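One file, model_15.txt, carrying compact mmCIF, C-alpha atoms:
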# COMPACT_ATOMS: atom_id res chain seq x y z
CA MET A 1 -66.39 122.98 -46.69
CA ASP A 2 -67.70 126.36 -47.94
CA LYS A 3 -70.30 126.57 -45.18
CA TYR A 4 -67.84 126.06 -42.31
CA ARG A 5 -64.65 127.93 -43.25
CA VAL A 6 -61.79 127.95 -40.76
CA THR A 7 -60.15 131.37 -40.27
CA LEU A 8 -57.72 131.50 -37.35
CA THR A 9 -56.48 134.60 -35.63
CA GLU A 10 -52.76 135.03 -35.01
CA GLU A 11 -53.23 134.11 -31.36
CA GLU A 12 -55.29 131.00 -32.20
CA ARG A 13 -52.78 129.84 -34.80
CA ALA A 14 -49.86 130.35 -32.41
CA GLU A 15 -51.68 128.46 -29.68
CA LEU A 16 -52.41 125.49 -31.99
CA GLN A 17 -48.85 125.40 -33.36
CA HIS A 18 -47.47 125.38 -29.81
CA LEU A 19 -49.85 122.54 -28.87
CA VAL A 20 -48.79 120.46 -31.89
CA SER A 21 -45.07 121.12 -31.45
CA THR A 22 -45.01 120.10 -27.79
CA GLY A 23 -47.21 117.05 -28.32
CA LYS A 24 -48.37 117.20 -24.72
CA ALA A 25 -52.03 116.43 -25.31
CA ALA A 26 -54.32 113.56 -26.18
CA ALA A 27 -53.96 112.10 -29.68
CA ARG A 28 -57.50 113.15 -30.55
CA LYS A 29 -56.82 116.76 -29.50
CA LEU A 30 -53.56 116.90 -31.50
CA ALA A 31 -55.30 115.53 -34.59
CA HIS A 32 -58.05 118.14 -34.37
CA ALA A 33 -55.47 120.91 -33.94
CA ARG A 34 -53.65 119.76 -37.09
CA ILE A 35 -56.95 119.73 -38.99
CA LEU A 36 -57.58 123.38 -38.06
CA LEU A 37 -54.04 124.43 -39.06
CA LEU A 38 -54.32 122.77 -42.48
CA ALA A 39 -57.85 124.12 -43.05
CA ASP A 40 -56.98 127.72 -42.08
CA THR A 41 -57.86 130.14 -44.91
CA ARG A 42 -55.85 133.00 -43.38
CA ALA A 43 -52.56 131.11 -43.91
CA GLY A 44 -53.08 131.28 -47.66
CA GLN A 45 -52.52 127.56 -48.08
CA GLU A 46 -55.93 126.13 -47.35
CA HIS A 47 -56.14 122.41 -48.09
CA SER A 48 -59.18 120.48 -49.25
CA ASP A 49 -60.80 117.99 -46.92
CA GLU A 50 -59.56 115.13 -49.11
CA ARG A 51 -55.93 116.26 -48.85
CA ILE A 52 -56.25 116.75 -45.09
CA ALA A 53 -57.73 113.25 -44.75
CA ASP A 54 -54.86 111.74 -46.74
CA ALA A 55 -52.22 113.68 -44.81
CA LEU A 56 -53.53 112.96 -41.32
CA GLY A 57 -55.25 109.62 -41.82
CA VAL A 58 -58.61 110.81 -40.54
CA SER A 59 -62.08 110.52 -42.01
CA LEU A 60 -63.89 113.25 -43.94
CA ARG A 61 -66.64 113.10 -41.37
CA THR A 62 -64.18 113.98 -38.58
CA ILE A 63 -62.87 116.96 -40.58
CA ALA A 64 -66.40 118.23 -41.22
CA ARG A 65 -67.26 117.90 -37.53
CA VAL A 66 -64.13 119.85 -36.46
CA ARG A 67 -64.92 122.64 -38.95
CA GLN A 68 -68.49 122.88 -37.69
CA ARG A 69 -67.47 123.05 -34.03
CA PHE A 70 -64.88 125.74 -34.77
CA VAL A 71 -67.36 127.96 -36.60
CA ILE A 72 -70.14 127.52 -34.04
CA ASP A 73 -68.31 127.22 -30.70
CA GLY A 74 -64.69 128.27 -31.25
CA VAL A 75 -61.23 126.72 -31.06
CA GLN A 76 -61.51 124.94 -27.72
CA ALA A 77 -64.77 123.25 -28.66
CA ALA A 78 -63.23 122.14 -31.97
CA ILE A 79 -60.11 120.48 -30.50
CA SER A 80 -61.67 119.08 -27.32
CA ARG A 81 -64.03 116.18 -27.03
CA GLY A 82 -67.63 117.26 -26.81
CA PRO A 83 -69.78 116.54 -23.77
CA GLN A 84 -70.91 112.91 -23.63
CA PRO A 85 -74.47 111.90 -22.84
CA PRO A 86 -74.86 110.55 -19.31
CA ARG A 87 -74.57 106.80 -19.12
CA PRO A 88 -77.06 104.77 -17.13
CA ASP A 89 -75.78 103.47 -13.84
CA LYS A 90 -73.98 100.18 -14.44
CA ILE A 91 -75.38 97.38 -12.37
CA LYS A 92 -72.68 95.28 -10.76
CA ILE A 93 -73.47 91.66 -10.12
CA LYS A 94 -72.23 90.73 -6.67
CA GLY A 95 -73.38 89.26 -3.42
CA ASP A 96 -76.78 87.58 -3.48
CA ILE A 97 -77.42 88.46 -7.13
CA GLU A 98 -74.17 86.80 -8.17
CA GLN A 99 -75.01 83.65 -6.21
CA ARG A 100 -78.47 83.50 -7.79
CA LEU A 101 -76.92 83.95 -11.23
CA VAL A 102 -74.44 81.10 -10.65
CA ARG A 103 -77.20 78.77 -9.43
CA LEU A 104 -79.35 79.73 -12.39
CA ALA A 105 -76.57 79.18 -14.93
CA CYS A 106 -75.87 75.72 -13.46
CA SER A 107 -79.53 74.69 -13.59
CA ASP A 108 -81.54 73.28 -16.48
CA PRO A 109 -82.33 75.83 -19.21
CA PRO A 110 -85.93 76.89 -19.96
CA GLN A 111 -88.10 74.45 -21.86
CA GLY A 112 -87.45 74.72 -25.57
CA ARG A 113 -83.85 75.91 -25.18
CA CYS A 114 -80.77 73.67 -25.23
CA HIS A 115 -78.61 75.85 -22.98
CA TRP A 116 -78.47 79.16 -21.14
CA THR A 117 -77.13 82.22 -22.97
CA PRO A 118 -76.12 85.60 -21.48
CA GLN A 119 -79.30 87.14 -22.91
CA LEU A 120 -81.51 84.42 -21.42
CA LEU A 121 -79.84 84.82 -18.04
CA ALA A 122 -80.17 88.62 -18.14
CA ASP A 123 -83.89 88.34 -18.97
CA GLU A 124 -84.39 85.81 -16.18
CA LEU A 125 -82.75 88.09 -13.61
CA VAL A 126 -85.18 90.83 -14.60
CA VAL A 127 -88.16 88.43 -14.37
CA LEU A 128 -87.04 87.35 -10.90
CA GLY A 129 -86.98 91.01 -9.83
CA LEU A 130 -83.25 91.04 -9.09
CA ALA A 131 -82.63 93.95 -11.45
CA GLU A 132 -84.72 96.40 -13.45
CA SER A 133 -82.43 96.00 -16.45
CA ILE A 134 -79.06 94.36 -17.00
CA SER A 135 -76.80 94.00 -20.01
CA THR A 136 -75.58 90.73 -21.44
CA GLU A 137 -71.99 91.94 -21.10
CA THR A 138 -72.46 92.37 -17.34
CA VAL A 139 -73.80 88.82 -17.14
CA ARG A 140 -70.93 87.52 -19.27
CA GLN A 141 -68.32 89.19 -17.06
CA ALA A 142 -69.91 87.72 -13.92
CA LEU A 143 -69.93 84.23 -15.45
CA LYS A 144 -66.32 84.66 -16.60
CA LYS A 145 -65.25 85.61 -13.08
CA ASN A 146 -66.82 82.39 -11.78
CA ASP A 147 -65.45 80.33 -14.72
CA ILE A 148 -68.92 79.20 -15.81
CA LYS A 149 -69.85 78.67 -19.48
CA PRO A 150 -73.35 77.15 -19.57
CA TRP A 151 -73.42 77.24 -23.38
CA ILE A 152 -70.55 74.70 -23.58
CA VAL A 153 -71.27 70.99 -23.06
CA GLU A 154 -68.37 68.54 -23.25
CA THR A 155 -68.83 64.89 -24.14
CA ARG A 156 -66.72 62.80 -21.81
CA CYS A 157 -66.52 59.30 -20.45
CA ILE A 158 -67.55 60.01 -16.86
CA PRO A 159 -66.44 57.28 -14.40
CA PRO A 160 -68.40 56.44 -11.26
CA GLU A 161 -67.19 57.46 -7.82
CA ALA A 162 -65.88 55.08 -5.15
CA ASP A 163 -66.35 51.99 -7.31
CA ALA A 164 -64.18 48.96 -6.45
CA GLU A 165 -65.14 47.20 -9.72
CA TYR A 166 -63.91 50.16 -11.74
CA VAL A 167 -60.69 50.43 -9.74
CA TRP A 168 -59.92 46.71 -10.05
CA ARG A 169 -60.26 46.66 -13.84
CA MET A 170 -58.47 50.00 -14.23
CA GLU A 171 -55.42 48.87 -12.25
CA ASP A 172 -55.37 45.55 -14.08
CA VAL A 173 -55.23 47.29 -17.49
CA ILE A 174 -52.63 49.81 -16.28
CA GLN A 175 -50.38 46.97 -15.12
CA VAL A 176 -50.71 45.28 -18.50
CA HIS A 177 -49.76 48.49 -20.33
CA LEU A 178 -46.67 48.92 -18.13
CA ARG A 179 -45.26 45.51 -18.98
CA PRO A 180 -41.98 45.61 -20.97
CA TYR A 181 -42.03 44.44 -24.55
CA ASP A 182 -41.90 40.66 -24.83
CA PRO A 183 -42.57 38.99 -28.23
CA ARG A 184 -43.64 35.81 -26.39
CA PHE A 185 -46.40 37.70 -24.56
CA PRO A 186 -47.38 40.67 -26.76
CA VAL A 187 -49.85 43.20 -25.39
CA ALA A 188 -52.46 43.96 -28.05
CA CYS A 189 -55.49 46.25 -27.93
CA PHE A 190 -58.80 45.84 -29.74
CA ASP A 191 -61.65 48.24 -30.41
CA GLU A 192 -64.34 48.92 -33.00
CA ALA A 193 -65.59 51.99 -34.85
CA CYS A 194 -68.41 52.72 -37.28
CA LYS A 195 -68.27 54.98 -40.35
CA GLN A 196 -71.24 56.42 -42.25
CA LEU A 197 -70.67 56.20 -46.01
CA PHE A 198 -71.63 59.13 -48.25
CA GLY A 199 -71.53 59.45 -52.02
CA GLU A 200 -71.00 62.71 -53.88
CA VAL A 201 -73.84 64.00 -56.06
CA ARG A 202 -71.56 66.51 -57.80
CA PRO A 203 -67.78 66.27 -58.16
CA PRO A 204 -65.88 68.20 -55.46
CA ARG A 205 -63.61 71.09 -56.43
CA ARG A 206 -59.95 71.10 -55.55
CA CYS A 207 -58.43 73.97 -53.63
CA ARG A 208 -56.77 76.81 -55.51
CA SER A 209 -54.81 79.87 -54.57
CA GLY A 210 -57.21 82.06 -52.63
CA ARG A 211 -60.01 79.45 -52.64
CA PRO A 212 -60.41 76.42 -50.37
CA ALA A 213 -61.60 73.03 -51.57
CA GLN A 214 -65.36 72.80 -51.99
CA VAL A 215 -67.88 69.97 -51.72
CA ASP A 216 -71.55 70.21 -52.52
CA TYR A 217 -73.90 70.21 -49.53
CA GLU A 218 -75.98 67.47 -51.18
CA TYR A 219 -74.88 63.86 -50.78
CA GLU A 220 -76.18 60.29 -51.03
CA ARG A 221 -76.26 57.87 -48.11
CA GLU A 222 -74.48 54.64 -48.92
CA GLY A 223 -74.91 52.77 -45.63
CA VAL A 224 -72.33 52.11 -42.94
CA CYS A 225 -69.30 49.91 -42.43
CA HIS A 226 -67.24 48.96 -39.38
CA GLN A 227 -63.54 49.16 -38.66
CA LEU A 228 -62.14 46.52 -36.29
CA MET A 229 -58.88 47.92 -34.91
CA MET A 230 -56.09 45.66 -33.64
CA CYS A 231 -52.85 47.25 -32.48
CA GLU A 232 -49.72 46.56 -30.47
CA PRO A 233 -48.58 49.93 -29.07
CA LEU A 234 -45.08 48.88 -27.95
CA ARG A 235 -44.17 47.46 -31.38
CA GLY A 236 -45.76 50.29 -33.34
CA TRP A 237 -48.06 47.95 -35.27
CA ARG A 238 -51.74 48.11 -36.14
CA HIS A 239 -54.17 46.37 -38.47
CA VAL A 240 -57.70 47.43 -39.39
CA LYS A 241 -60.27 44.97 -40.69
CA VAL A 242 -63.16 46.60 -42.55
CA THR A 243 -66.46 44.72 -42.36
CA GLY A 244 -70.05 45.37 -43.30
CA ARG A 245 -71.39 44.16 -39.95
CA ARG A 246 -70.33 43.84 -36.34
CA THR A 247 -71.14 40.30 -35.27
CA ARG A 248 -69.62 37.59 -33.10
CA ARG A 249 -68.26 35.92 -36.21
CA ASP A 250 -66.46 39.11 -37.25
CA TYR A 251 -64.91 39.39 -33.80
CA ALA A 252 -63.94 35.70 -33.80
CA GLY A 253 -62.24 36.21 -37.15
CA CYS A 254 -60.09 38.96 -35.61
CA ILE A 255 -59.16 36.67 -32.72
CA ARG A 256 -58.09 33.98 -35.16
CA ASP A 257 -56.06 36.49 -37.19
CA LEU A 258 -54.29 37.71 -34.06
CA VAL A 259 -53.33 34.22 -32.92
CA GLU A 260 -52.61 32.44 -36.20
CA VAL A 261 -51.59 35.23 -38.61
CA HIS A 262 -50.11 38.14 -36.68
CA TYR A 263 -48.70 36.28 -33.62
CA PRO A 264 -48.19 32.65 -34.67
CA ARG A 265 -45.10 32.24 -32.42
CA ALA A 266 -46.41 34.01 -29.32
CA GLU A 267 -47.14 31.85 -26.31
CA LYS A 268 -50.07 34.01 -25.27
CA VAL A 269 -51.52 37.31 -26.49
CA LEU A 270 -52.62 39.71 -23.75
CA LEU A 271 -55.66 41.42 -25.26
CA VAL A 272 -57.00 44.69 -23.83
CA GLN A 273 -60.58 45.46 -24.94
CA ASP A 274 -63.89 46.87 -23.76
CA ASN A 275 -67.01 45.06 -22.56
CA LEU A 276 -68.97 44.96 -25.82
CA ASN A 277 -71.40 42.05 -25.91
CA THR A 278 -69.43 40.23 -28.65
CA HIS A 279 -66.04 40.59 -26.94
CA ASP A 280 -65.86 37.33 -25.01
CA GLY A 281 -64.96 33.69 -25.33
CA ALA A 282 -68.39 32.72 -26.68
CA SER A 283 -67.70 34.28 -30.09
CA PRO A 284 -65.06 31.74 -31.22
CA TYR A 285 -67.39 28.89 -30.22
CA GLU A 286 -70.13 30.44 -32.38
CA ALA A 287 -67.81 30.80 -35.38
CA PHE A 288 -65.59 27.72 -35.24
CA SER A 289 -65.57 24.15 -34.08
CA PRO A 290 -65.00 23.54 -30.34
CA GLU A 291 -61.47 22.30 -31.02
CA VAL A 292 -60.50 25.45 -32.94
CA ALA A 293 -62.23 27.75 -30.47
CA ARG A 294 -60.46 26.13 -27.50
CA ARG A 295 -57.11 26.32 -29.27
CA LEU A 296 -57.56 30.03 -29.93
CA LEU A 297 -58.74 30.87 -26.41
CA ASP A 298 -55.85 28.99 -24.83
CA ARG A 299 -53.54 31.53 -26.44
CA ILE A 300 -55.58 34.65 -25.50
CA GLU A 301 -55.66 36.37 -22.12
CA PHE A 302 -58.49 38.91 -21.90
CA HIS A 303 -58.10 42.15 -19.94
CA TYR A 304 -61.27 44.24 -19.92
CA THR A 305 -61.39 47.99 -19.41
CA PRO A 306 -63.99 49.09 -16.82
CA LYS A 307 -67.29 50.50 -17.95
CA HIS A 308 -66.88 54.20 -18.72
CA GLY A 309 -63.12 53.58 -18.84
CA SER A 310 -62.49 53.37 -22.58
CA TRP A 311 -59.62 55.88 -22.17
CA LEU A 312 -57.59 52.91 -20.91
CA ASN A 313 -57.78 51.20 -24.30
CA MET A 314 -55.00 52.41 -26.59
CA ALA A 315 -56.86 51.02 -29.62
CA GLU A 316 -59.26 53.90 -29.10
CA THR A 317 -56.33 56.30 -29.50
CA GLU A 318 -55.42 54.59 -32.78
CA ILE A 319 -59.01 54.93 -33.98
CA SER A 320 -58.96 58.63 -33.15
CA VAL A 321 -55.75 59.07 -35.17
CA MET A 322 -57.23 57.07 -38.06
CA ASN A 323 -60.40 59.17 -38.09
CA GLN A 324 -58.44 62.41 -38.03
CA GLN A 325 -55.79 61.50 -40.58
CA CYS A 326 -57.72 59.24 -42.95
CA LEU A 327 -61.50 59.10 -42.54
CA ASP A 328 -62.45 62.73 -41.94
CA ARG A 329 -64.09 63.03 -45.38
CA ARG A 330 -66.82 61.53 -47.51
CA LEU A 331 -66.20 57.95 -48.68
CA GLU A 332 -68.80 56.24 -50.84
CA SER A 333 -68.16 52.48 -50.47
CA PRO A 334 -66.63 49.87 -48.15
CA ALA A 335 -64.06 49.05 -50.85
CA LYS A 336 -62.93 52.68 -51.08
CA LEU A 337 -62.77 52.99 -47.31
CA ALA A 338 -60.82 49.75 -46.98
CA ALA A 339 -58.28 50.88 -49.60
CA GLU A 340 -57.77 54.24 -47.88
CA VAL A 341 -57.43 52.64 -44.44
CA ALA A 342 -54.95 50.07 -45.79
CA ALA A 343 -52.76 52.86 -47.21
CA TRP A 344 -52.91 54.77 -43.91
CA GLU A 345 -52.13 51.59 -41.96
CA HIS A 346 -49.14 50.70 -44.17
CA ARG A 347 -47.50 54.12 -43.87
CA ARG A 348 -48.04 54.23 -40.11
CA ASN A 349 -46.61 50.71 -39.67
CA VAL A 350 -43.56 51.55 -41.79
CA ARG A 351 -42.90 54.50 -39.48
CA ARG A 352 -43.49 52.20 -36.47
CA ALA A 353 -45.58 54.91 -34.83
CA ARG A 354 -45.91 54.00 -31.16
CA ILE A 355 -48.12 55.07 -28.29
CA HIS A 356 -46.07 55.73 -25.15
CA TRP A 357 -48.06 54.86 -22.03
CA THR A 358 -46.85 56.81 -18.96
CA PHE A 359 -49.82 56.53 -16.56
CA THR A 360 -48.72 54.45 -13.55
CA LEU A 361 -50.57 52.92 -10.61
CA ALA A 362 -49.11 55.56 -8.31
CA ALA A 363 -50.42 58.33 -10.59
CA ALA A 364 -53.85 56.66 -10.74
CA ARG A 365 -54.08 56.40 -6.96
CA ARG A 366 -53.05 60.03 -6.61
CA LYS A 367 -55.02 61.70 -9.39
CA LEU A 368 -58.10 59.45 -9.33
CA ARG A 369 -58.36 58.90 -5.59
CA LYS A 370 -62.07 59.76 -5.63
CA LEU A 371 -62.65 56.53 -7.57
CA TYR A 372 -61.25 54.43 -4.72
CA PRO A 373 -63.60 53.38 -1.94
CA SER A 374 -62.71 54.92 1.41
CA ILE A 375 -61.44 52.28 3.84
CA GLU A 376 -61.70 52.90 7.56
CA ASP A 377 -59.08 51.16 9.72
Target encoding structure tokens, full file:
Amino acid sequence: MDKYRVTLTEEERAELQHLVSTGKAAARKLAHARILLLADTRAGQEHSDERIADALGVSLRTIARVRQRFVIDGVQAAISRGPQPPRPDKIKIKGDIEQRLVRLACSDPPQGRCHWTPQLLADELVVLGLAESISTETVRQALKKNDIKPWIVETRCIPPEADAEYVWRMEDVIQVHLRPYDPRFPVACFDEACKQLFGEVRPPRRCRSGRPAQVDYEYEREGVCHQLMMCEPLRGWRHVKVTGRRTRRDYAGCIRDLVEVHYPRAEKVLLVQDNLNTHDGASPYEAFSPEVARRLLDRIEFHYTPKHGSWLNMAETEISVMNQQCLDRRLESPAKLAAEVAAWEHRRNVRRARIHWTFTLAAARRKLRKLYPSIED
């Protein structure tokens, strides 16, 4: 502060006071003018840089820079923004370069990389001789304009196009879901899930105020177990059977439970399920006597979702809810998992949580028309 002392003349001080009082200038210029007025030694009330910083909410570095500019170049240099270094010409991606960029971003990434990044794309444009240099921000803006994000890969169940087999099974399942509730012919859904079991090496820490819960990164693998999900969406009922394996006998046991335990008075259970190799009428014959197997199958009507059409099975929705609400954590044993799932199942059944199916045949034929084969009259 001693090296660059601010001493304003009467004219300079009047000019700065007029500028501040009118407020008709950029915020930066007004702040610099106030710094000079508070730092003026001629006024007899010179303030320290620390007091000026507290009063105006500016940094000490800014105050030092304003003092230096005033002493070296005068008032106008001190309150105005200094000359900026020339910026390099900004390359705009358009025309042929933009088309090449889009094609490149939608192609396979270089060997050894899982996806394209803005930096990789910028480097590739330079290698191809389309630009001498280009920033990643310019590439990002061009990709944003074309709504392309090559670094994002979504996992989806992609259906085939123009497939009569897919359409037939899809419409069959949709019709089943749209049936009104009838206790004589309940519509049930079945699906399976697998859960990796992990044991804790060190006890986890509970959350506290200002600190989230913590688990140690180290864990012990304890095998896997399977969850066989049965649900009736219209009634708001579900049951999960936890098993160590996924065999035909396990599936046949679920069929027997559905018919003899959960729906003993139903004339026929309409069962929606996927095409897993154990999900057919052969499983009861492998697990039970022919008489028992035939008796069970006479009271089951299978409705299979099409391949790559698991979104039609509402049991998959129940599994997603179960994973999110109950199983999104480390569980060390099948017994522990079964107890947690049973508690989740009980509370959800008490609430009679339902899945409301609203997708109709008309909506399917309108929104998924590309799945339907084109028929020429």
message: Show me, as number ranges by chain, the residues that have an atom within 10 Å of Tyr372 of chain A when counting all atoms listed in the file, minus same-chain residues fewer than 4 positions from it.
response: A: 160-168, 364-365, 368
field: Residues near Arg69 of chain A, cut-off 12 Å, only C-alpha atoms, skip fewer than 4 positions along chain, as a PyMOL selection string
entry: chain A and resi 4-6+32+36+62-65+73-82
query: Distance atom CA of Ile174 of chain A-atom CA of Glu267 of chain A, one decimal place?
result: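 It comes out at 21.3 Å.
Using all atoms listed in the file, the set of residues no farther than 7 Å from the position (-84.0, 92.5, -19.6) comprises Ala122, Asp123, Val126, Ser133 and Ile134 of chain A.
What separates atom CA of Phe198 of chain A from atom CA of Arg221 of chain A is a distance of 4.8 Å.
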message: I'd like the neighbourhood of segment 269-276 of chain A as an MDAnalysis selection string, where a residue qualifies if any of its atoms comes within 9 Å (using all atoms listed in the file), though same-chain residues fewer than 5 positions away should be ignored.
response: chainID A and resid 173 176:177 184:191 258:259 263 299:307 309:310 312:315
message: Please list as a list in words every residue within 12 Å of Ala339 of chain A, counting all atoms listed in the file and excluding residues in the same chain fewer than 4 positions away.
response: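 My reading of the contact set: Val240, Lys241, Val242, Cys326, Leu327, Leu331, Glu332, Ser333, Pro334, Ala335, Ala343, Trp344, Glu345 and His346 of chain A.
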- line: atom CA of Phe70 of chain A to atom CA of Ile52 of chain A measures 16.2 Å
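The nearest approach to Ile355 of chain A among the residues A:Leu337, A:Leu178, A:Glu200, A:Arg211, with only C-alpha atoms taken into account, belongs to A:Leu178.
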- request: Might you pull out every residue within 8 Å of Arg235 of chain A, with all atoms listed in the file counted and same-chain residues fewer than 5 positions away left off, and present them as a list in words?
  value: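 So the residues in contact are Tyr181, Arg352 and Arg354 of chain A.
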